[in-house]
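To be precise, the following lines are work18.txt, and they hold compact mmCIF, C-alpha atoms.
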```
# COMPACT_ATOMS: atom_id res chain seq x y z
CA MET A 682 23.97 134.73 94.56
CA THR A 683 27.01 133.55 96.51
CA ALA A 684 26.13 132.58 100.09
CA ILE A 685 29.70 132.27 101.41
CA GLN A 686 32.70 133.86 99.72
CA ILE A 687 36.10 133.07 101.21
CA THR A 688 39.02 134.76 99.49
CA GLY A 689 42.69 134.16 100.26
CA VAL A 690 42.19 133.65 104.00
CA GLU A 691 45.32 133.20 106.08
CA LYS A 692 45.60 132.74 109.83
CA SER A 693 48.76 132.09 111.83
CA TYR A 694 49.48 131.38 115.46
CA PRO A 695 52.94 131.52 117.09
CA SER A 696 53.75 127.90 116.29
CA LEU A 697 51.25 127.12 113.53
CA LYS A 698 49.89 128.40 110.22
CA ALA A 699 46.28 127.30 110.58
CA LEU A 700 45.05 128.63 107.21
CA ASP A 701 47.25 129.21 104.18
CA GLY A 702 45.41 131.08 101.44
CA VAL A 703 42.01 129.35 101.58
CA SER A 704 39.55 130.41 98.87
CA LEU A 705 36.03 128.96 98.53
CA SER A 706 32.81 130.09 96.89
CA ILE A 707 29.60 128.45 98.12
CA GLY A 708 26.40 129.15 96.25
CA GLN A 709 23.08 130.02 97.82
CA GLY A 710 21.08 126.87 98.55
CA GLU A 711 24.08 124.50 98.42
CA PHE A 712 24.70 121.66 100.87
CA PHE A 713 28.48 121.94 101.07
CA GLY A 714 30.93 119.69 102.93
CA LEU A 715 34.21 120.86 104.45
CA LEU A 716 36.34 117.84 105.33
CA GLY A 717 39.80 117.34 106.72
CA PRO A 718 41.76 115.62 109.48
CA ASN A 719 42.06 117.11 112.96
CA GLY A 720 44.15 120.26 112.79
CA ALA A 721 43.43 120.91 109.11
CA GLY A 722 41.96 124.36 109.83
CA LYS A 723 38.21 123.70 109.57
CA THR A 724 37.22 125.10 112.96
CA THR A 725 39.58 128.07 112.56
CA LEU A 726 37.87 128.94 109.28
CA ILE A 727 34.43 128.66 110.88
CA SER A 728 35.59 130.85 113.79
CA ILE A 729 36.61 133.53 111.30
CA MET A 730 33.23 133.28 109.58
CA ALA A 731 31.45 133.63 112.92
CA GLY A 732 33.58 136.56 114.08
CA LEU A 733 35.27 134.62 116.89
CA ALA A 734 38.67 135.05 115.22
CA ARG A 735 40.05 137.49 112.67
CA ALA A 736 42.00 136.49 109.59
CA ASP A 737 45.51 137.82 109.15
CA ARG A 738 44.84 138.23 105.43
CA GLY A 739 41.94 137.70 103.06
CA SER A 740 38.22 138.19 103.51
CA VAL A 741 35.00 136.32 104.24
CA GLN A 742 31.54 137.44 103.13
CA ILE A 743 28.16 136.03 104.12
CA LEU A 744 25.54 136.83 101.46
CA GLY A 745 27.70 139.76 100.37
CA HIS A 746 28.29 141.10 103.89
CA ASP A 747 31.91 141.23 105.06
CA VAL A 748 32.30 139.56 108.46
CA VAL A 749 34.57 142.40 109.65
CA THR A 750 33.33 145.61 108.04
CA ASP A 751 29.63 144.62 107.93
CA PHE A 752 29.57 142.25 110.86
CA ARG A 753 26.00 142.93 112.05
CA ALA A 754 24.41 141.88 108.76
CA ALA A 755 26.86 138.97 108.43
CA ARG A 756 25.94 137.63 111.90
CA LEU A 757 22.22 138.03 111.24
CA ASN A 758 22.49 135.86 108.13
CA LEU A 759 24.56 133.15 109.81
CA GLY A 760 23.76 130.37 112.28
CA VAL A 761 26.63 128.29 113.68
CA VAL A 762 26.48 125.01 115.59
CA PRO A 763 29.84 124.86 117.41
CA GLN A 764 31.85 121.73 117.98
CA GLU A 765 32.15 122.32 121.73
CA ILE A 766 29.16 121.95 124.03
CA VAL A 767 28.66 125.34 125.72
CA PHE A 768 25.57 126.19 127.77
CA ASP A 769 24.25 128.50 130.47
CA PRO A 770 23.37 126.42 133.55
CA PHE A 771 20.81 128.92 134.89
CA PHE A 772 18.15 128.60 132.18
CA THR A 773 15.70 126.03 130.89
CA VAL A 774 15.76 124.93 127.26
CA ARG A 775 12.89 127.25 126.31
CA GLU A 776 14.44 130.19 128.19
CA THR A 777 17.75 129.55 126.42
CA LEU A 778 16.08 129.69 123.01
CA ARG A 779 14.07 132.80 123.92
CA LEU A 780 17.25 134.48 125.10
CA GLN A 781 18.97 133.54 121.85
CA SER A 782 16.05 135.04 119.93
CA GLY A 783 16.51 138.26 121.87
CA TYR A 784 20.12 138.53 120.73
CA PHE A 785 18.74 138.94 117.20
CA GLY A 786 15.96 141.31 118.21
CA LEU A 787 13.21 138.73 117.64
CA LYS A 788 9.98 139.05 119.62
CA ASN A 789 7.08 136.61 119.71
CA ASN A 790 9.26 133.82 118.30
CA ASP A 791 7.63 131.02 120.32
CA ALA A 792 5.92 129.37 117.34
CA TRP A 793 9.26 128.82 115.55
CA ILE A 794 10.95 127.83 118.83
CA ASP A 795 8.25 125.17 119.33
CA GLU A 796 8.75 123.89 115.78
CA VAL A 797 12.52 123.68 116.17
CA MET A 798 12.18 121.86 119.50
CA ALA A 799 9.67 119.43 118.02
CA ASN A 800 11.95 118.62 115.08
CA LEU A 801 14.89 118.05 117.41
CA ASP A 802 12.82 116.04 119.93
CA LEU A 803 13.31 118.65 122.66
CA THR A 804 9.66 119.36 123.45
CA ALA A 805 9.60 117.06 126.47
CA LYS A 806 12.67 118.86 127.85
CA ALA A 807 11.43 122.41 127.15
CA ASP A 808 11.15 123.30 130.83
CA ALA A 809 14.16 121.30 132.03
CA ASN A 810 17.23 123.14 133.26
CA MET A 811 20.20 122.87 130.93
CA ARG A 812 22.23 121.27 133.72
CA GLU A 813 19.83 118.32 133.80
CA LEU A 814 20.33 117.38 130.15
CA SER A 815 22.54 114.61 128.78
CA GLY A 816 25.38 115.47 126.42
CA GLY A 817 23.29 114.49 123.41
CA MET A 818 20.39 116.68 124.54
CA LYS A 819 22.72 119.63 125.11
CA ARG A 820 23.98 119.23 121.54
CA ARG A 821 20.38 119.33 120.30
CA VAL A 822 19.94 122.65 122.10
CA LEU A 823 23.08 124.00 120.38
CA VAL A 824 21.52 123.12 117.03
CA ALA A 825 18.25 124.79 118.06
CA GLN A 826 20.12 127.95 119.13
CA ALA A 827 21.79 128.18 115.72
CA LEU A 828 18.41 127.89 113.96
CA VAL A 829 16.32 130.08 116.24
CA HIS A 830 16.61 133.22 114.04
CA LYS A 831 16.02 131.28 110.78
CA PRO A 832 19.42 132.13 109.28
CA PRO A 833 19.73 131.67 105.50
CA VAL A 834 23.26 130.28 106.00
CA ILE A 835 23.79 127.46 108.52
CA VAL A 836 27.21 126.16 109.56
CA LEU A 837 27.37 122.78 111.33
CA ASP A 838 30.72 121.99 112.95
CA GLU A 839 30.67 118.27 113.85
CA PRO A 840 26.96 118.44 114.83
CA THR A 841 26.52 114.68 115.34
CA ALA A 842 29.70 113.96 117.29
CA GLY A 843 28.82 111.68 120.18
CA VAL A 844 25.06 111.63 119.60
CA ASP A 845 22.76 108.67 119.11
CA VAL A 846 21.49 107.35 115.80
CA GLU A 847 17.94 108.58 116.45
CA LEU A 848 19.05 112.20 116.85
CA ARG A 849 21.32 111.89 113.83
CA GLN A 850 18.42 110.83 111.63
CA ALA A 851 16.06 113.48 113.02
CA LEU A 852 18.67 116.21 112.63
CA TRP A 853 19.44 115.34 109.01
CA GLN A 854 15.76 115.16 108.11
CA PHE A 855 15.25 118.65 109.54
CA ILE A 856 18.42 120.12 108.03
CA SER A 857 17.64 118.56 104.63
CA ARG A 858 14.21 120.14 104.77
CA LEU A 859 15.74 123.55 105.48
CA ASN A 860 18.12 123.04 102.57
CA ARG A 861 15.22 122.21 100.25
CA GLU A 862 13.57 125.43 101.41
CA GLY A 863 16.61 127.41 100.26
CA HIS A 864 18.94 127.51 103.27
CA THR A 865 22.66 127.12 102.56
CA ILE A 866 24.32 124.41 104.67
CA LEU A 867 28.05 124.13 105.39
CA LEU A 868 28.91 120.88 107.17
CA THR A 869 32.10 119.63 108.76
CA THR A 870 32.06 116.02 109.93
CA HIS A 871 34.31 113.02 110.48
CA TYR A 872 31.40 110.75 109.53
CA LEU A 873 32.22 110.67 105.83
CA GLU A 874 29.15 108.62 104.97
CA GLU A 875 27.08 111.62 106.12
CA ALA A 876 28.97 113.96 103.82
CA GLU A 877 28.70 111.51 100.92
CA ALA A 878 24.93 111.19 101.35
CA LEU A 879 24.12 114.86 102.00
CA CYS A 880 26.63 117.18 100.36
CA HIS A 881 26.40 118.38 96.75
CA ARG A 882 30.01 119.64 96.72
CA ILE A 883 32.96 118.98 99.00
CA ALA A 884 36.21 120.74 99.81
CA MET A 885 39.03 118.91 101.60
CA LEU A 886 41.51 120.80 103.77
CA LYS A 887 44.97 119.61 104.72
CA SER A 888 47.44 121.71 106.73
CA GLY A 889 45.41 124.85 106.10
CA ARG A 890 45.16 124.42 102.31
CA VAL A 891 42.37 123.29 100.01
CA VAL A 892 43.68 120.07 98.46
CA ALA A 893 40.47 118.95 96.72
CA LEU A 894 37.30 120.76 95.65
CA ASP A 895 34.62 119.21 93.45
CA THR A 896 31.15 117.74 93.34
CA THR A 897 30.69 114.61 95.43
CA ASP A 898 30.09 112.50 92.32
CA ALA A 899 33.24 113.81 90.63
CA LEU A 900 35.33 113.09 93.72
CA LEU A 901 34.00 109.53 93.88
CA LYS A 902 34.95 109.02 90.24
CA ARG A 903 38.58 109.90 91.01
CA ILE A 904 39.05 106.34 92.23
CA SER A 905 38.84 104.30 89.07
CA GLY A 906 36.21 101.60 89.19
CA SER A 907 35.21 99.37 92.06
CA SER A 908 36.45 96.30 93.91
CA LEU A 909 35.33 92.69 93.67
CA MET A 910 35.68 90.70 96.87
CA LEU A 911 36.15 86.97 96.31
CA GLN A 912 36.46 84.53 99.19
CA LEU A 913 37.66 81.13 97.99
CA ALA A 914 36.65 78.08 99.99
CA GLN A 915 39.61 76.13 98.64
CA GLY A 916 42.33 76.40 96.05
CA ALA A 917 44.04 79.53 94.76
CA LEU A 918 43.10 82.36 92.44
CA PRO A 919 44.00 81.69 88.78
CA PRO A 920 47.41 83.24 87.92
CA ALA A 921 45.83 85.40 85.16
CA LEU A 922 43.83 87.26 87.81
CA LEU A 923 46.69 87.95 90.21
CA PRO A 924 47.58 91.34 88.61
CA LEU A 925 44.10 92.57 89.63
CA VAL A 926 44.60 91.75 93.32
CA SER A 927 44.88 94.82 95.56
CA GLN A 928 44.50 92.99 98.86
CA GLN A 929 44.73 89.39 100.06
CA GLU A 930 44.09 87.97 103.51
CA ALA A 931 43.37 84.70 105.24
CA ALA A 932 39.69 84.10 106.05
CA PRO A 933 38.07 81.63 108.49
CA ALA A 934 37.45 79.37 105.51
CA GLY A 935 39.90 79.81 102.64
CA THR A 936 41.40 83.05 101.33
CA LYS A 937 39.81 86.44 100.68
CA TYR A 938 40.91 88.51 97.66
CA LEU A 939 40.07 92.10 96.71
CA LEU A 940 40.29 92.62 92.95
CA ARG A 941 40.34 95.99 91.16
CA ILE A 942 37.80 96.32 88.37
CA ASN A 943 36.69 99.27 86.23
CA HIS A 944 33.13 98.20 85.47
CA ALA A 945 30.55 95.68 86.67
CA SER A 946 30.68 93.99 83.24
CA GLU A 947 34.12 92.61 84.18
CA VAL A 948 32.67 90.51 87.01
CA GLU A 949 31.28 87.64 84.88
CA PRO A 950 34.56 87.02 82.93
CA ILE A 951 36.43 86.92 86.23
CA LEU A 952 33.97 84.44 87.70
CA ALA A 953 34.17 82.33 84.53
CA GLN A 954 37.96 82.07 84.94
CA VAL A 955 37.58 81.08 88.58
CA ARG A 956 34.99 78.42 87.75
CA ALA A 957 37.11 77.08 84.88
CA SER A 958 40.01 76.60 87.29
CA GLY A 959 37.82 74.42 89.52
CA VAL A 960 38.09 76.72 92.56
CA ALA A 961 35.07 76.87 94.91
CA ILE A 962 33.80 80.36 95.82
CA ALA A 963 32.59 80.78 99.42
CA ASP A 964 31.50 84.44 99.22
CA ILE A 965 31.38 87.28 96.73
CA ALA A 966 30.60 91.03 96.93
CA LEU A 967 30.93 94.05 94.64
CA GLN A 968 32.25 97.06 96.55
CA GLN A 969 31.92 100.61 95.24
CA ALA A 970 34.49 103.28 96.02
CA SER A 971 33.39 105.47 98.96
CA LEU A 972 34.16 109.03 99.97
CA GLU A 973 36.37 107.58 102.69
CA ASP A 974 38.52 105.94 99.99
CA VAL A 975 38.80 109.28 98.16
CA PHE A 976 39.58 111.13 101.40
CA LEU A 977 42.40 108.74 102.30
CA GLN A 978 43.90 108.99 98.83
CA VAL A 979 43.74 112.81 98.85
CA MET A 980 45.28 113.05 102.33
CA ASP A 981 48.04 110.63 101.27
CA GLY A 982 48.70 112.72 98.17
CA ARG A 983 47.80 109.84 95.83
CA THR A 984 45.29 111.86 93.82
CA GLU A 985 45.52 115.35 92.40
CA ALA A 986 43.60 118.34 93.71
CA ALA A 987 40.86 119.92 91.63
```
Would you kindly transcribe this structure into structure tokens?
Amino acid sequence: MTAIQITGVEKSYPSLKALDGVSLSIGQGEFFGLLGPNGAGKTTLISIMAGLARADRGSVQILGHDVVTDFRAARLNLGVVPQEIVFDPFFTVRETLRLQSGYFGLKNNDAWIDEVMANLDLTAKADANMRELSGGMKRRVLVAQALVHKPPVIVLDEPTAGVDVELRQALWQFISRLNREGHTILLTTHYLEEAEALCHRIAMLKSGRVVALDTTDALLKRISGSSLMLQLAQGALPPALLPLVSQQEAAPAGTKYLLRINHASEVEPILAQVRASGVAIADIALQQASLEDVFLQVMDGRTEAA
């Protein structure tokens, strides 16, 4: 079953077309990444999914429920962690989560609230007023609020922005567990290493349009091969290898070269040529293409969309 169906969504503001015919289909149980630069339309799309904004054209369905015509069922099946930190200063953490449970008609939800707080390291702050919490702790509460009704579809809009490494690891362990249990996760993040490690498929938005959509592995393969970093202690790279050089810079000792290669089997012949020329190697490293490399190429228009 499709968890999130986005069909031809358009949204315009007086001086901006935020979304220009976005269509996405996200399967139930997927861990899906939605990436793009600031202003690409990610948060606008999430706002439409959550009912905070209405599309000019197109439709969005959550587990088959239209977010406009069947909004109650759509909201019940959706949990959203917003990018902005918003909180009520008059309640404790536990009271905030109980109140959130009440919005969904949930009674006697304390056992799940305790489990969520424990997984997000909020137990010690359960009776603290929201005003007393640090920014990172407030963000943890936002995550807990989104999960308090056990939604089958969870949307995370920059959930780890400005938080410490410890929370980041705890959050991803918990979210990955929920995904293994069948929850659908939609993630937006500027930490591309997170998306590369967690997401099964990724869509990239630019100026309100989907410019790439594929599995993470397929996107990584769009950049042919890898790079071999050679730092020479003295001498120069053999002339036969110069066509492979994609980057060259001065290093504290010698010169550093970045060579394009298609397969690891090419490394030994390259090293043999360097040794035969009598050049001393100070450092060497094989660098694989990353999602950041793919993202930059897609945003620069140097690789085709799916």
Next item on the list: Name the residues in contact with Thr724 of chain A at a cut-off of 12 Å, using only C-alpha atoms, excluding same-chain residues fewer than 6 positions from it; report them as a PyMOL selection string.
Entry: chain A and resi 692+699-700+715-718+730-731+733-734+761-765+836-839+867-870+886+889
Written file, previous selection with C-alpha atoms, as a PDB file, keeping the file's coordinate frame:
```pdb
ATOM      1  CA  LYS A 692      45.600 132.740 109.830  1.00  0.00           C
ATOM      2  CA  ALA A 699      46.280 127.300 110.580  1.00  0.00           C
ATOM      3  CA  LEU A 700      45.050 128.630 107.210  1.00  0.00           C
ATOM      4  CA  LEU A 715      34.210 120.860 104.450  1.00  0.00           C
ATOM      5  CA  LEU A 716      36.340 117.840 105.330  1.00  0.00           C
ATOM      6  CA  GLY A 717      39.800 117.340 106.720  1.00  0.00           C
ATOM      7  CA  PRO A 718      41.760 115.620 109.480  1.00  0.00           C
ATOM      8  CA  MET A 730      33.230 133.280 109.580  1.00  0.00           C
ATOM      9  CA  ALA A 731      31.450 133.630 112.920  1.00  0.00           C
ATOM     10  CA  LEU A 733      35.270 134.620 116.890  1.00  0.00           C
ATOM     11  CA  ALA A 734      38.670 135.050 115.220  1.00  0.00           C
ATOM     12  CA  VAL A 761      26.630 128.290 113.680  1.00  0.00           C
ATOM     13  CA  VAL A 762      26.480 125.010 115.590  1.00  0.00           C
ATOM     14  CA  PRO A 763      29.840 124.860 117.410  1.00  0.00           C
ATOM     15  CA  GLN A 764      31.850 121.730 117.980  1.00  0.00           C
ATOM     16  CA  GLU A 765      32.150 122.320 121.730  1.00  0.00           C
ATOM     17  CA  VAL A 836      27.210 126.160 109.560  1.00  0.00           C
ATOM     18  CA  LEU A 837      27.370 122.780 111.330  1.00  0.00           C
ATOM     19  CA  ASP A 838      30.720 121.990 112.950  1.00  0.00           C
ATOM     20  CA  GLU A 839      30.670 118.270 113.850  1.00  0.00           C
ATOM     21  CA  LEU A 867      28.050 124.130 105.390  1.00  0.00           C
ATOM     22  CA  LEU A 868      28.910 120.880 107.170  1.00  0.00           C
ATOM     23  CA  THR A 869      32.100 119.630 108.760  1.00  0.00           C
ATOM     24  CA  THR A 870      32.060 116.020 109.930  1.00  0.00           C
ATOM     25  CA  LEU A 886      41.510 120.800 103.770  1.00  0.00           C
ATOM     26  CA  GLY A 889      45.410 124.850 106.100  1.00  0.00           C
TER      27      GLY A 889
END
```
Check: For Met682 of chain A, which of A:Val749, A:Asn810, A:Ser740, A:Thr865 is the closest residue, counting all atoms listed in the file?
Finding: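 Closest residue, counting all atoms listed in the file: A:Thr865.
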Check: Nearest to Ala684 of chain A: which of A:Arg756, A:Lys806, A:His864, A:Leu778 is it, counting only C-alpha atoms?
Finding: A:His864
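Closest to Glu796 of chain A among A:Leu828, A:Arg812, A:Glu776, A:Ala953 is A:Leu828, based on all atoms listed in the file.
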Is there a way to get, as a PDB file with C-alpha atoms, in the coordinates of the input, all residues within 12 Å of the point (35.4, 78.8, 89.6) in file coordinates, counting only C-alpha atoms?
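The resulting file, selection_0.pdb, is reproduced below:
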```pdb
ATOM      1  CA  LEU A 911      36.150  86.970  96.310  1.00  0.00           C
ATOM      2  CA  GLN A 912      36.460  84.530  99.190  1.00  0.00           C
ATOM      3  CA  LEU A 913      37.660  81.130  97.990  1.00  0.00           C
ATOM      4  CA  ALA A 914      36.650  78.080  99.990  1.00  0.00           C
ATOM      5  CA  GLN A 915      39.610  76.130  98.640  1.00  0.00           C
ATOM      6  CA  GLY A 916      42.330  76.400  96.050  1.00  0.00           C
ATOM      7  CA  ALA A 917      44.040  79.530  94.760  1.00  0.00           C
ATOM      8  CA  LEU A 918      43.100  82.360  92.440  1.00  0.00           C
ATOM      9  CA  PRO A 919      44.000  81.690  88.780  1.00  0.00           C
ATOM     10  CA  GLU A 949      31.280  87.640  84.880  1.00  0.00           C
ATOM     11  CA  PRO A 950      34.560  87.020  82.930  1.00  0.00           C
ATOM     12  CA  ILE A 951      36.430  86.920  86.230  1.00  0.00           C
ATOM     13  CA  LEU A 952      33.970  84.440  87.700  1.00  0.00           C
ATOM     14  CA  ALA A 953      34.170  82.330  84.530  1.00  0.00           C
ATOM     15  CA  GLN A 954      37.960  82.070  84.940  1.00  0.00           C
ATOM     16  CA  VAL A 955      37.580  81.080  88.580  1.00  0.00           C
ATOM     17  CA  ARG A 956      34.990  78.420  87.750  1.00  0.00           C
ATOM     18  CA  ALA A 957      37.110  77.080  84.880  1.00  0.00           C
ATOM     19  CA  SER A 958      40.010  76.600  87.290  1.00  0.00           C
ATOM     20  CA  GLY A 959      37.820  74.420  89.520  1.00  0.00           C
ATOM     21  CA  VAL A 960      38.090  76.720  92.560  1.00  0.00           C
ATOM     22  CA  ALA A 961      35.070  76.870  94.910  1.00  0.00           C
ATOM     23  CA  ILE A 962      33.800  80.360  95.820  1.00  0.00           C
ATOM     24  CA  ALA A 963      32.590  80.780  99.420  1.00  0.00           C
ATOM     25  CA  ASP A 964      31.500  84.440  99.220  1.00  0.00           C
ATOM     26  CA  ILE A 965      31.380  87.280  96.730  1.00  0.00           C
TER      27      ILE A 965
END
```
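Proximity to Ser706 of chain A at 10 Å, evaluated using only C-alpha atoms and with sequence-adjacent residues fewer than 4 positions away removed, yields Thr683, Ala684, Ile685, Gln686, Ile687, Thr688, Val741 and Gln742 of chain A.
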Item checked: Nearest residue to Arg779 of chain A from the set A:Lys887, A:Arg738, A:His746, A:His830 (distances using all atoms listed in the file) ->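 The answer is A:His830, which sits nearest to Arg779 of chain A.
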Notebook entry, point to check: Of the residues A:Ala931, A:Ala893, A:Ala899, A:Ile743, which is the one nearest to Val979 of chain A, using all atoms listed in the file?
Noted result: A:Ala893
Got a sec: who's within 10 Å of Val767 of chain A, counting only C-alpha atoms, leaving out chain neighbours fewer than 5 positions off, as a PDB file with C-alpha atoms, in the frame of the given file?
```pdb
ATOM      1  CA  LYS A 819      22.720 119.630 125.110  1.00  0.00           C
ATOM      2  CA  ARG A 820      23.980 119.230 121.540  1.00  0.00           C
ATOM      3  CA  VAL A 822      19.940 122.650 122.100  1.00  0.00           C
ATOM      4  CA  LEU A 823      23.080 124.000 120.380  1.00  0.00           C
TER       5      LEU A 823
END
```
